[in-house]
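model.pdb follows; it contains PDB, C-alpha atoms and all ligand atoms.
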```pdb
ATOM      1  CA  MET A  25      10.381 -25.870  17.749
ATOM      2  CA  LYS A  26       6.911 -25.018  19.119
ATOM      3  CA  LYS A  27       6.161 -21.969  17.024
ATOM      4  CA  PHE A  28       7.326 -20.550  13.718
ATOM      5  CA  THR A  29       6.160 -17.065  12.859
ATOM      6  CA  CYS A  30       9.371 -15.137  12.159
ATOM      7  CA  ALA A  31      13.049 -15.528  11.251
ATOM      8  CA  ALA A  32      14.170 -15.642  14.896
ATOM      9  CA  ASP A  33      12.120 -18.823  15.453
ATOM     10  CA  ILE A  34      14.307 -20.830  13.066
ATOM     11  CA  GLY A  35      17.464 -20.032  15.086
ATOM     12  CA  ASP A  36      20.793 -20.162  13.230
ATOM     13  CA  ILE A  37      19.877 -19.335   9.648
ATOM     14  CA  ARG A  38      22.934 -21.035   8.128
ATOM     15  CA  LYS A  39      22.119 -24.273   9.956
ATOM     16  CA  ALA A  40      18.498 -24.067   8.846
ATOM     17  CA  VAL A  41      19.429 -23.627   5.175
ATOM     18  CA  ASP A  42      21.962 -26.483   5.388
ATOM     19  CA  GLU A  43      19.318 -28.715   6.979
ATOM     20  CA  ALA A  44      16.830 -27.789   4.236
ATOM     21  CA  ILE A  45      19.354 -28.610   1.502
ATOM     22  CA  GLU A  46      20.015 -32.006   3.141
ATOM     23  CA  ILE A  47      16.260 -32.699   3.318
ATOM     24  CA  LYS A  48      15.953 -31.837  -0.374
ATOM     25  CA  LYS A  49      18.528 -34.533  -1.238
ATOM     26  CA  ASN A  50      16.211 -37.189   0.232
ATOM     27  CA  ARG A  51      12.824 -35.789   1.146
ATOM     28  CA  PHE A  52      11.517 -39.207   2.262
ATOM     29  CA  ALA A  53      14.336 -39.877   4.753
ATOM     30  CA  PHE A  54      12.020 -39.010   7.676
ATOM     31  CA  ASP A  55       8.812 -40.553   6.359
ATOM     32  CA  SER A  56       7.975 -42.243   9.655
ATOM     33  CA  LEU A  57       8.566 -39.176  11.851
ATOM     34  CA  GLY A  58       4.993 -37.975  11.318
ATOM     35  CA  ARG A  59       3.279 -41.375  11.662
ATOM     36  CA  HIS A  60      -0.021 -41.007  13.545
ATOM     37  CA  LYS A  61       0.491 -37.250  13.740
ATOM     38  CA  THR A  62      -1.965 -34.824  12.195
ATOM     39  CA  LEU A  63      -1.374 -31.434  10.626
ATOM     40  CA  LEU A  64      -4.347 -29.070  10.506
ATOM     41  CA  MET A  65      -3.982 -26.320   7.901
ATOM     42  CA  ILE A  66      -6.351 -23.384   8.374
ATOM     43  CA  PHE A  67      -6.858 -20.860   5.614
ATOM     44  CA  PHE A  68      -8.501 -17.499   6.216
ATOM     45  CA  ASN A  69      -7.770 -16.577   2.581
ATOM     46  CA  SER A  70      -6.831 -18.125  -0.754
ATOM     47  CA  SER A  71      -3.626 -19.974  -1.560
ATOM     48  CA  LEU A  72      -2.142 -22.204  -4.241
ATOM     49  CA  ARG A  73       1.541 -22.702  -3.348
ATOM     50  CA  THR A  74       1.257 -22.687   0.439
ATOM     51  CA  ARG A  75      -1.633 -25.116   0.412
ATOM     52  CA  LEU A  76      -0.013 -27.636  -1.946
ATOM     53  CA  SER A  77       3.590 -27.381  -0.795
ATOM     54  CA  THR A  78       2.806 -27.614   2.924
ATOM     55  CA  GLN A  79       0.489 -30.574   2.415
ATOM     56  CA  LYS A  80       3.146 -32.298   0.296
ATOM     57  CA  ALA A  81       5.802 -31.573   2.932
ATOM     58  CA  ALA A  82       3.607 -33.134   5.644
ATOM     59  CA  MET A  83       2.960 -36.183   3.455
ATOM     60  CA  ASN A  84       6.731 -36.592   2.889
ATOM     61  CA  LEU A  85       7.024 -36.864   6.680
ATOM     62  CA  GLY A  86       4.232 -39.447   6.913
ATOM     63  CA  MET A  87       1.680 -37.086   8.503
ATOM     64  CA  ASN A  88      -2.083 -37.030   8.121
ATOM     65  CA  VAL A  89      -3.386 -33.683   6.898
ATOM     66  CA  ILE A  90      -6.700 -31.883   7.431
ATOM     67  CA  VAL A  91      -7.387 -28.648   5.547
ATOM     68  CA  LEU A  92     -10.015 -26.137   6.680
ATOM     69  CA  ASP A  93     -11.009 -23.142   4.562
ATOM     70  CA  VAL A  94     -12.610 -20.900   7.137
ATOM     71  CA  ASN A  95     -14.601 -18.958   4.559
ATOM     72  CA  GLN A  96     -15.897 -22.034   2.735
ATOM     73  CA  GLY A  97     -17.740 -24.733   4.628
ATOM     74  CA  ALA A  98     -16.986 -23.630   8.205
ATOM     75  CA  TRP A  99     -19.030 -21.377  10.468
ATOM     76  CA  LYS A 100     -18.156 -17.736   9.999
ATOM     77  CA  LEU A 101     -15.839 -16.812  12.865
ATOM     78  CA  GLU A 102     -16.007 -13.759  15.081
ATOM     79  CA  THR A 103     -12.463 -12.690  15.963
ATOM     80  CA  GLU A 104     -13.105  -9.684  18.248
ATOM     81  CA  ARG A 105     -13.618 -10.263  21.970
ATOM     82  CA  GLY A 106     -16.480  -8.319  23.563
ATOM     83  CA  VAL A 107     -18.645  -8.241  20.437
ATOM     84  CA  ILE A 108     -22.394  -8.920  20.946
ATOM     85  CA  MET A 109     -22.709 -11.805  18.488
ATOM     86  CA  ASP A 110     -26.066 -10.936  16.988
ATOM     87  CA  GLY A 111     -24.744 -10.710  13.412
ATOM     88  CA  ASP A 112     -23.818 -13.279  10.745
ATOM     89  CA  LYS A 113     -20.960 -14.943  12.693
ATOM     90  CA  PRO A 114     -22.255 -17.841  14.828
ATOM     91  CA  GLU A 115     -18.913 -19.027  16.287
ATOM     92  CA  HIS A 116     -16.135 -17.244  18.148
ATOM     93  CA  LEU A 117     -12.463 -17.894  17.407
ATOM     94  CA  LEU A 118     -11.887 -18.308  21.166
ATOM     95  CA  GLU A 119     -13.954 -21.534  21.194
ATOM     96  CA  ALA A 120     -13.012 -22.592  17.669
ATOM     97  CA  ILE A 121      -9.255 -22.534  18.327
ATOM     98  CA  PRO A 122      -9.131 -24.980  21.280
ATOM     99  CA  VAL A 123     -11.659 -27.208  19.500
ATOM    100  CA  MET A 124      -9.414 -27.321  16.421
ATOM    101  CA  GLY A 125      -6.500 -28.139  18.713
ATOM    102  CA  CYS A 126      -8.367 -31.305  19.843
ATOM    103  CA  TYR A 127      -8.079 -32.840  16.373
ATOM    104  CA  CYS A 128      -4.411 -32.361  15.529
ATOM    105  CA  ASP A 129      -0.819 -32.133  16.712
ATOM    106  CA  ILE A 130       0.424 -29.184  14.663
ATOM    107  CA  ILE A 131      -1.521 -26.225  13.241
ATOM    108  CA  GLY A 132      -0.582 -24.087  10.223
ATOM    109  CA  VAL A 133      -2.454 -20.788   9.921
ATOM    110  CA  ARG A 134      -2.838 -18.525   6.857
ATOM    111  CA  SER A 135      -4.272 -15.148   7.802
ATOM    112  CA  PHE A 136      -4.108 -11.797   6.057
ATOM    113  CA  ALA A 137      -3.738  -8.112   6.864
ATOM    114  CA  GLY A 138      -6.987  -6.127   6.915
ATOM    115  CA  LEU A 139      -4.958  -3.066   5.754
ATOM    116  CA  LYS A 140      -7.316  -0.715   7.607
ATOM    117  CA  ASP A 141      -5.789  -0.550  11.088
ATOM    118  CA  LYS A 142      -1.991  -0.753  11.234
ATOM    119  CA  ALA A 143      -1.837  -1.483  14.982
ATOM    120  CA  GLU A 144      -4.314  -4.336  14.640
ATOM    121  CA  ASP A 145      -2.449  -5.884  11.681
ATOM    122  CA  TYR A 146       0.952  -5.555  13.335
ATOM    123  CA  GLU A 147      -0.360  -7.137  16.581
ATOM    124  CA  GLU A 148      -0.951 -10.342  14.573
ATOM    125  CA  ARG A 149      -4.048 -11.077  16.610
ATOM    126  CA  ILE A 150      -5.188 -14.187  14.720
ATOM    127  CA  ILE A 151      -2.000 -16.250  14.761
ATOM    128  CA  GLU A 152      -1.136 -15.058  18.281
ATOM    129  CA  GLN A 153      -4.505 -16.351  19.504
ATOM    130  CA  PHE A 154      -3.799 -19.744  17.909
ATOM    131  CA  ILE A 155      -0.456 -19.839  19.734
ATOM    132  CA  LYS A 156      -2.123 -18.882  23.026
ATOM    133  CA  TYR A 157      -5.285 -20.990  22.955
ATOM    134  CA  SER A 158      -4.736 -24.069  20.731
ATOM    135  CA  GLY A 159      -2.341 -25.980  23.001
ATOM    136  CA  ARG A 160      -0.513 -27.069  19.829
ATOM    137  CA  SER A 161       2.638 -26.200  17.907
ATOM    138  CA  VAL A 162       1.682 -23.425  15.494
ATOM    139  CA  PHE A 163       3.366 -22.159  12.353
ATOM    140  CA  SER A 164       2.573 -19.300  10.029
ATOM    141  CA  MET A 165       1.543 -20.034   6.459
ATOM    142  CA  GLU A 166       1.588 -16.195   6.006
ATOM    143  CA  ALA A 167       0.197 -13.819   8.553
ATOM    144  CA  ALA A 168      -0.640 -10.117   8.444
ATOM    145  CA  THR A 169       2.947  -8.876   8.590
ATOM    146  CA  ARG A 170       5.261 -11.789   7.728
ATOM    147  CA  HIS A 171       5.483 -14.791   5.378
ATOM    148  CA  PRO A 172       8.338 -16.817   6.896
ATOM    149  CA  LEU A 173       7.897 -20.056   4.906
ATOM    150  CA  GLN A 174       8.199 -17.987   1.726
ATOM    151  CA  SER A 175      11.316 -16.157   2.910
ATOM    152  CA  PHE A 176      12.937 -19.404   4.033
ATOM    153  CA  ALA A 177      12.278 -20.883   0.565
ATOM    154  CA  ASP A 178      13.652 -17.681  -1.028
ATOM    155  CA  LEU A 179      16.844 -18.014   0.976
ATOM    156  CA  ILE A 180      17.264 -21.693   0.035
ATOM    157  CA  THR A 181      16.817 -20.667  -3.624
ATOM    158  CA  ILE A 182      19.403 -17.883  -3.358
ATOM    159  CA  GLU A 183      21.810 -20.361  -1.765
ATOM    160  CA  GLU A 184      21.307 -22.749  -4.691
ATOM    161  CA  PHE A 185      21.698 -20.136  -7.434
ATOM    162  CA  LYS A 186      24.305 -17.732  -6.052
ATOM    163  CA  THR A 187      27.599 -17.507  -7.940
ATOM    164  CA  VAL A 188      29.435 -15.215  -5.502
ATOM    165  CA  GLU A 189      29.858 -15.640  -1.753
ATOM    166  CA  ARG A 190      28.035 -12.431  -0.790
ATOM    167  CA  PRO A 191      25.529 -11.609  -3.538
ATOM    168  CA  LYS A 192      23.922  -8.206  -3.968
ATOM    169  CA  ILE A 193      20.159  -8.617  -3.676
ATOM    170  CA  VAL A 194      17.792  -5.864  -4.720
ATOM    171  CA  MET A 195      14.214  -6.001  -3.507
ATOM    172  CA  THR A 196      12.128  -3.768  -5.731
ATOM    173  CA  TRP A 197       8.581  -2.504  -5.312
ATOM    174  CA  ALA A 198       6.546  -2.991  -8.511
ATOM    175  CA  PRO A 199       3.045  -1.803  -9.453
ATOM    176  CA  HIS A 200      -0.170  -3.713  -8.754
ATOM    177  CA  PRO A 201      -3.799  -2.602  -9.104
ATOM    178  CA  ARG A 202      -4.864  -3.692  -5.598
ATOM    179  CA  ALA A 203      -3.639  -3.011  -2.096
ATOM    180  CA  LEU A 204      -1.398  -5.873  -0.934
ATOM    181  CA  PRO A 205       0.081  -6.442   2.536
ATOM    182  CA  GLN A 206       3.722  -5.808   3.466
ATOM    183  CA  ALA A 207       4.123  -9.390   4.729
ATOM    184  CA  VAL A 208       6.363 -10.731   1.939
ATOM    185  CA  PRO A 209       8.757  -7.742   1.715
ATOM    186  CA  ASN A 210       8.906  -7.417   5.530
ATOM    187  CA  SER A 211       9.775 -11.048   5.873
ATOM    188  CA  PHE A 212      12.225 -11.133   2.956
ATOM    189  CA  ALA A 213      14.156  -8.205   4.470
ATOM    190  CA  GLU A 214      14.037  -9.817   7.917
ATOM    191  CA  TRP A 215      15.535 -13.094   6.629
ATOM    192  CA  ILE A 216      18.154 -11.557   4.324
ATOM    193  CA  ASN A 217      19.224  -9.227   7.132
ATOM    194  CA  ARG A 218      20.215 -12.341   9.095
ATOM    195  CA  THR A 219      22.748 -13.248   6.393
ATOM    196  CA  ASP A 220      25.838 -11.265   5.384
ATOM    197  CA  TYR A 221      24.453 -10.604   1.890
ATOM    198  CA  GLU A 222      24.049  -7.062   0.569
ATOM    199  CA  LEU A 223      20.384  -6.006   0.537
ATOM    200  CA  VAL A 224      19.147  -2.901  -1.271
ATOM    201  CA  ILE A 225      15.464  -1.967  -1.162
ATOM    202  CA  THR A 226      14.083   0.315  -3.846
ATOM    203  CA  HIS A 227      10.612   1.830  -4.115
ATOM    204  CA  PRO A 228       8.876   5.120  -4.911
ATOM    205  CA  GLU A 229       8.739   7.635  -2.059
ATOM    206  CA  GLY A 230       5.829   6.871   0.251
ATOM    207  CA  TYR A 231       6.340   3.082   0.150
ATOM    208  CA  GLU A 232       8.842   2.955   3.035
ATOM    209  CA  LEU A 233       8.552  -0.275   5.026
ATOM    210  CA  ASP A 234       8.504  -0.586   8.806
ATOM    211  CA  PRO A 235      12.087   0.276   9.944
ATOM    212  CA  GLN A 236      12.182  -2.836  12.168
ATOM    213  CA  PHE A 237      12.189  -4.932   8.968
ATOM    214  CA  VAL A 238      14.392  -2.659   6.842
ATOM    215  CA  GLY A 239      17.119  -3.042   9.477
ATOM    216  CA  ARG A 240      20.606  -2.794   7.979
ATOM    217  CA  ALA A 241      19.355  -2.822   4.349
ATOM    218  CA  LYS A 242      20.076   0.227   2.192
ATOM    219  CA  VAL A 243      17.016   2.091   0.912
ATOM    220  CA  GLU A 244      17.809   3.506  -2.539
ATOM    221  CA  TYR A 245      15.126   5.621  -4.209
ATOM    222  CA  ASP A 246      17.128   5.770  -7.454
ATOM    223  CA  ARG A 247      15.987   2.544  -9.078
ATOM    224  CA  GLU A 248      18.838   2.406 -11.600
ATOM    225  CA  LYS A 249      21.458   2.752  -8.866
ATOM    226  CA  ALA A 250      19.697   0.032  -6.863
ATOM    227  CA  PHE A 251      19.750  -2.446  -9.765
ATOM    228  CA  ASP A 252      23.372  -1.671 -10.680
ATOM    229  CA  GLY A 253      25.456  -4.861 -10.321
ATOM    230  CA  ALA A 254      22.715  -6.856  -8.561
ATOM    231  CA  HIS A 255      22.943 -10.672  -8.571
ATOM    232  CA  PHE A 256      19.292 -11.217  -7.588
ATOM    233  CA  VAL A 257      16.225  -9.064  -8.278
ATOM    234  CA  TYR A 258      13.343  -9.785  -5.906
ATOM    235  CA  ALA A 259      10.191  -8.035  -7.140
ATOM    236  CA  LYS A 260       7.087  -7.499  -5.032
ATOM    237  CA  ASN A 261       4.257  -5.067  -4.667
ATOM    238  CA  TRP A 262       3.195  -3.769  -1.282
ATOM    239  CA  SER A 263       0.790  -1.116  -0.080
ATOM    240  CA  ALA A 264       1.935   1.916   1.898
ATOM    241  CA  TYR A 265       3.040   1.320   5.490
ATOM    242  CA  ALA A 266       3.560   4.949   6.521
ATOM    243  CA  ASP A 267       0.688   6.994   7.930
ATOM    244  CA  PRO A 268      -1.628   8.502   6.815
ATOM    245  CA  ASN A 269      -1.639   6.119   3.819
ATOM    246  CA  TYR A 270      -1.389   2.777   5.628
ATOM    247  CA  GLY A 271      -2.768  -0.018   3.436
ATOM    248  CA  LYS A 272      -3.356   2.239   0.414
ATOM    249  CA  VAL A 273      -2.176   2.116  -3.191
ATOM    250  CA  ILE A 274      -0.448   5.467  -3.725
ATOM    251  CA  SER A 275       1.122   4.679  -7.106
ATOM    252  CA  THR A 276       0.656   2.223  -9.954
ATOM    253  CA  ASP A 277       3.497   3.747 -11.963
ATOM    254  CA  ARG A 278       4.396   1.183 -14.608
ATOM    255  CA  LYS A 279       7.872   2.673 -14.930
ATOM    256  CA  TRP A 280       8.542   0.370 -11.943
ATOM    257  CA  THR A 281       7.581  -2.793 -13.863
ATOM    258  CA  VAL A 282      10.679  -5.022 -14.049
ATOM    259  CA  ASP A 283      11.629  -5.188 -17.728
ATOM    260  CA  SER A 284      14.642  -6.206 -19.800
ATOM    261  CA  ASP A 285      16.069  -2.674 -19.836
ATOM    262  CA  ILE A 286      16.350  -2.432 -16.039
ATOM    263  CA  MET A 287      17.642  -6.032 -15.816
ATOM    264  CA  LYS A 288      20.520  -5.020 -18.172
ATOM    265  CA  LEU A 289      21.934  -2.856 -15.351
ATOM    266  CA  THR A 290      22.389  -5.916 -13.135
ATOM    267  CA  ASP A 291      25.216  -8.446 -13.079
ATOM    268  CA  ASN A 292      23.118 -10.905 -15.130
ATOM    269  CA  ALA A 293      20.766 -11.145 -12.134
ATOM    270  CA  ARG A 294      18.337 -13.917 -11.372
ATOM    271  CA  PHE A 295      14.710 -12.768 -11.243
ATOM    272  CA  MET A 296      12.620 -13.832  -8.233
ATOM    273  CA  HIS A 297       8.988 -13.371  -7.187
ATOM    274  CA  CYS A 298       6.958 -15.309  -4.607
ATOM    275  CA  LEU A 299       3.975 -15.742  -7.009
ATOM    276  CA  PRO A 300       1.185 -15.265  -7.877
ATOM    277  CA  VAL A 301       2.467 -12.494 -10.127
ATOM    278  CA  ARG A 302       0.593 -10.093 -12.399
ATOM    279  CA  ARG A 303       2.477 -10.160 -15.666
ATOM    280  CA  ASN A 304       3.220  -6.825 -17.331
ATOM    281  CA  MET A 305       2.368  -5.025 -14.075
ATOM    282  CA  ILE A 306       5.071  -6.472 -11.777
ATOM    283  CA  VAL A 307       7.294  -8.018 -14.490
ATOM    284  CA  THR A 308       7.233  -8.291 -18.261
ATOM    285  CA  ASP A 309       6.560 -11.586 -20.036
ATOM    286  CA  GLU A 310      10.071 -11.397 -21.427
ATOM    287  CA  VAL A 311      11.785 -11.216 -18.004
ATOM    288  CA  ILE A 312       9.674 -13.828 -16.254
ATOM    289  CA  GLU A 313      10.074 -16.232 -19.184
ATOM    290  CA  SER A 314      13.822 -15.600 -19.516
ATOM    291  CA  GLU A 315      16.417 -18.176 -18.509
ATOM    292  CA  ARG A 316      17.392 -15.815 -15.639
ATOM    293  CA  SER A 317      13.981 -16.222 -14.015
ATOM    294  CA  ILE A 318      13.951 -18.678 -11.082
ATOM    295  CA  VAL A 319      10.349 -18.259  -9.952
ATOM    296  CA  ILE A 320       9.535 -21.956 -10.464
ATOM    297  CA  PRO A 321      12.483 -23.400  -8.475
ATOM    298  CA  GLU A 322      11.668 -20.736  -5.858
ATOM    299  CA  ALA A 323       8.084 -22.028  -5.604
ATOM    300  CA  ALA A 324       9.358 -25.628  -5.560
ATOM    301  CA  ASN A 325      11.461 -24.795  -2.510
ATOM    302  CA  ARG A 326       8.279 -23.983  -0.580
ATOM    303  CA  GLU A 327       7.943 -27.751  -0.076
ATOM    304  CA  ILE A 328      11.451 -27.856   1.397
ATOM    305  CA  SER A 329      11.047 -24.889   3.737
ATOM    306  CA  ALA A 330       7.743 -26.301   5.008
ATOM    307  CA  GLN A 331       9.244 -29.766   5.453
ATOM    308  CA  THR A 332      12.177 -28.387   7.459
ATOM    309  CA  VAL A 333       9.814 -26.515   9.789
ATOM    310  CA  LEU A 334       7.442 -29.483  10.173
ATOM    311  CA  LYS A 335      10.343 -31.854  10.822
ATOM    312  CA  ARG A 336      11.620 -29.617  13.619
ATOM    313  CA  MET A 337       8.118 -29.346  15.090
ATOM    314  CA  LEU A 338       7.609 -33.110  14.984
ATOM    315  CA  GLU A 339      10.982 -33.601  16.684
ATOM    316  CA  SER A 340       9.791 -31.295  19.508
ATOM    317  CA  LEU A 341       6.413 -32.966  20.167
TER
HETATM  318  N1  LIG B 401       3.613 -17.403  -2.462
HETATM  319  C1  LIG B 401       2.498 -17.850  -1.847
HETATM  320  O1  LIG B 401       2.389 -17.876  -0.613
HETATM  321  O2  LIG B 401       1.555 -18.304  -2.713
HETATM  322  P1  LIG B 401       0.057 -18.685  -2.316
HETATM  323  O3  LIG B 401      -0.617 -17.416  -1.829
HETATM  324  O4  LIG B 401      -0.547 -19.218  -3.578
HETATM  325  O5  LIG B 401       0.093 -19.696  -1.218
END
```
I need this file expressed as structure tokens, please.
Amino acid sequence: MKKFTCAADIGDIRKAVDEAIEIKKNRFAFDSLGRHKTLLMIFFNSSLRTRLSTQKAAMNLGMNVIVLDVNQGAWKLETERGVIMDGDKPEHLLEAIPVMGCYCDIIGVRSFAGLKDKAEDYEERIIEQFIKYSGRSVFSMEAATRHPLQSFADLITIEEFKTVERPKIVMTWAPHPRALPQAVPNSFAEWINRTDYELVITHPEGYELDPQFVGRAKVEYDREKAFDGAHFVYAKNWSAYADPNYGKVISTDRKWTVDSDIMKLTDNARFMHCLPVRRNMIVTDEVIESERSIVIPEAANREISAQTVLKRMLESL
């Protein structure tokens, strides 16, 4: 595998989950695969889970790891071609990328949606430029429109906790004070749509996601109907995708906070969230602390999804 930015890149999803579960049984089984190989992790914005889990995954495989926070300690990077660089950015991404490629074998990139220009965000200019100009295998550690390592970990977690063959999964929008990208819900829908599980997406009107990600999922505006009989509740905030409100917060209605009352409509569902989560905005203390909450095992599986992707990339070098 030379690149990993979306669900299609992992190939057969069943095989990928099975491979991940095998890796989890003995995460040091391939500890010489990455010997003398270097992973460069580049962050254009903050991270806790992605940073730690991906570094740990690389270490499990025997890799060396370099981490660069672009906004702390590196030259500020210009990303637009054609700009007269007379401002505060002394280096262009088009030189920086091939230079970074000189020092490593595999590159992980964390970028973020600007939420101002939909076309620009959905072009995925930053990670696509790394793929084009680095000369290295490149994987997404969350980009503007997808978060595939998160969705892969979510799917591993669902596999581990499901009690029926084809669970009903409800992905629910929940309120948040700031505008957040659509990357996590886009990606979650994209990955679940590659299984035969039932996926229902519920949100207030105006928060419709890009139809290419919604795919075969059912959009149910009636929140109670959506939660009815669910086996997994996947909560997430996202900003509006539809024009003219792209990237805006159009509601912070706390009726959409996941609480014990709405969870009672489910079939004793497991509660999931990618974290970080704003308590009592997205989910109540009671629900996230309940024994039905699996947010910690979900985060733990980030190490396993990253290790599966890195292992496949190392095998293709
Ligand atoms: N879920 C997730 O990607 O967390 P971080 O932003 O902390 O990496």
Please enclose the listed atoms of region 150-157 of chain A in an axis-aligned box, pad each side by 5 Å, and write out the centre and the three edge lengths in Å, rounded to one decimal, as JSON.
```
{"center_x": -2.9, "center_y": -17.6, "center_z": 18.9, "size_x": 14.8, "size_y": 16.8, "size_z": 18.3}
```
- Which neighbours of Arg302 (chain A) fall inside 9 Å, counting all atoms listed in the file, when residues of the same chain fewer than 4 positions from it are skipped, and could you give them as JSON, numbers by chain? {"A": [200, 306, 307]}
- Query: Any idea what the distance is between CA of Ala254 (chain A) and CA of Leu173 (chain A)?
  - Reply: 24.0 Å
- Expected selection as a list in words for ligand LIG 401 (chain B) within 9 Å, all atoms listed in the file: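 Protein and nucleic-acid residues within 9 Å of ligand LIG 401 (chain B): Asn69, Ser70, Ser71, Leu72, Arg73, Thr74, Arg75, Leu76, Ser77, Arg134, Met165, Glu166, His171, Leu173, Gln174, Val208, His297, Cys298, Leu299, Pro300, Ala323 and Arg326 of chain A.
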- Would you please work out which residue, of A:Glu244, A:Leu64, A:Leu179, A:Gln236, is nearest to Phe212 (chain A) when using all atoms listed in the file?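 Result for the nearest residue to Phe212 (chain A): A:Leu179.
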- Task: Considering all atoms listed in the file, state which residue in the set A:Ile66, A:Arg278, A:Thr169, A:Val238 is at the smallest distance from Met124 (chain A).
- Result: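 Nearest to Met124 (chain A): A:Ile66.
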Going by the chain IDs and residue numbers used in this file, which residues fall under the PyMOL selection byres (((chain A and resi 104) around 10) and not hetatm)? Write them as a CSV table (one decimal) with C-alpha atoms, in the frame of the given file.
```csv
chain,number,residue,atom,x,y,z
A,101,LEU,CA,-15.8,-16.8,12.9
A,102,GLU,CA,-16.0,-13.8,15.1
A,103,THR,CA,-12.5,-12.7,16.0
A,105,ARG,CA,-13.6,-10.3,22.0
A,106,GLY,CA,-16.5,-8.3,23.6
A,107,VAL,CA,-18.6,-8.2,20.4
A,108,ILE,CA,-22.4,-8.9,20.9
A,109,MET,CA,-22.7,-11.8,18.5
A,116,HIS,CA,-16.1,-17.2,18.1
A,117,LEU,CA,-12.5,-17.9,17.4
A,118,LEU,CA,-11.9,-18.3,21.2
A,149,ARG,CA,-4.0,-11.1,16.6
A,150,ILE,CA,-5.2,-14.2,14.7
```
- Message: Counting only C-alpha atoms, which residue out of A:Ala250, A:Met305, A:Ile318, A:Ile34 sits closest to Thr276 (chain A)?
- Response: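 Ranked by minimum distance to Thr276 (chain A), first place goes to A:Met305.
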- Translate the PyMOL selection byres (((chain A and resi 133) around 7) and not hetatm), as applied to the file shown, into an explicit residue set as a PyMOL selection string. chain A and resi 65-67+131-132+134-135+151+163-165
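Residues selected in this file by the PyMOL selection byres (((chain A and resi 139) around 7) and not hetatm) comprise Ala137, Gly138, Lys140, Asp141, Lys142, Pro205, Tyr270 and Gly271 of chain A.
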- Message: Please compute the CA of Gln153 (chain A)-CA of Lys80 (chain A) distance, one decimal, in Å.
- Response: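 Spanning CA of Gln153 (chain A) to CA of Lys80 (chain A) is a straight-line distance of 26.1 Å.
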Could you list, as a PDB file with C-alpha atoms, in the frame of the given file, every residue within 9 Å of region 49-51 of chain A, counting only C-alpha atoms and ignoring same-chain residues fewer than 5 positions away?
```pdb
ATOM      1  CA  ALA A  44      16.830 -27.789   4.236  1.00  0.00           C
ATOM      2  CA  ALA A  81       5.802 -31.573   2.932  1.00  0.00           C
ATOM      3  CA  ASN A  84       6.731 -36.592   2.889  1.00  0.00           C
ATOM      4  CA  LEU A  85       7.024 -36.864   6.680  1.00  0.00           C
ATOM      5  CA  ILE A 328      11.451 -27.856   1.397  1.00  0.00           C
ATOM      6  CA  GLN A 331       9.244 -29.766   5.453  1.00  0.00           C
TER       7      GLN A 331
END
```
- Item | Gap from CA of Ala198 (chain A) to CA of Asn269 (chain A) - Å, one decimal |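 Computed distance, CA of Ala198 (chain A) to CA of Asn269 (chain A), equals 17.4 Å.
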- Name the residues within 12 Å of (17.5, -14.1, 10.8), counting all atoms listed in the file in the file's coordinates, and put them as a PyMOL selection string. chain A and resi 29-41+172+175-176+179+211-221+237+239
- For Met83 (chain A), which residue out of A:Ile121, A:Lys100, A:Ile286, A:Glu327 is the nearest one, using only C-alpha atoms?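 Using only C-alpha atoms, the shortest distance to Met83 (chain A) belongs to A:Glu327.
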- Item | Residues near Lys61 (chain A), cut-off 9 Å, all atoms listed in the file, skip fewer than 4 positions along chain, as a list in words | Leu57, Gly86, Met87, Asn88, Val89, Cys128, Asp129, Ile130 and Leu338 of chain A
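Nearest residue to Phe68 (chain A) among A:Pro201, A:Pro228, A:Gly97, A:Pro191 is A:Gly97, counting all atoms listed in the file.
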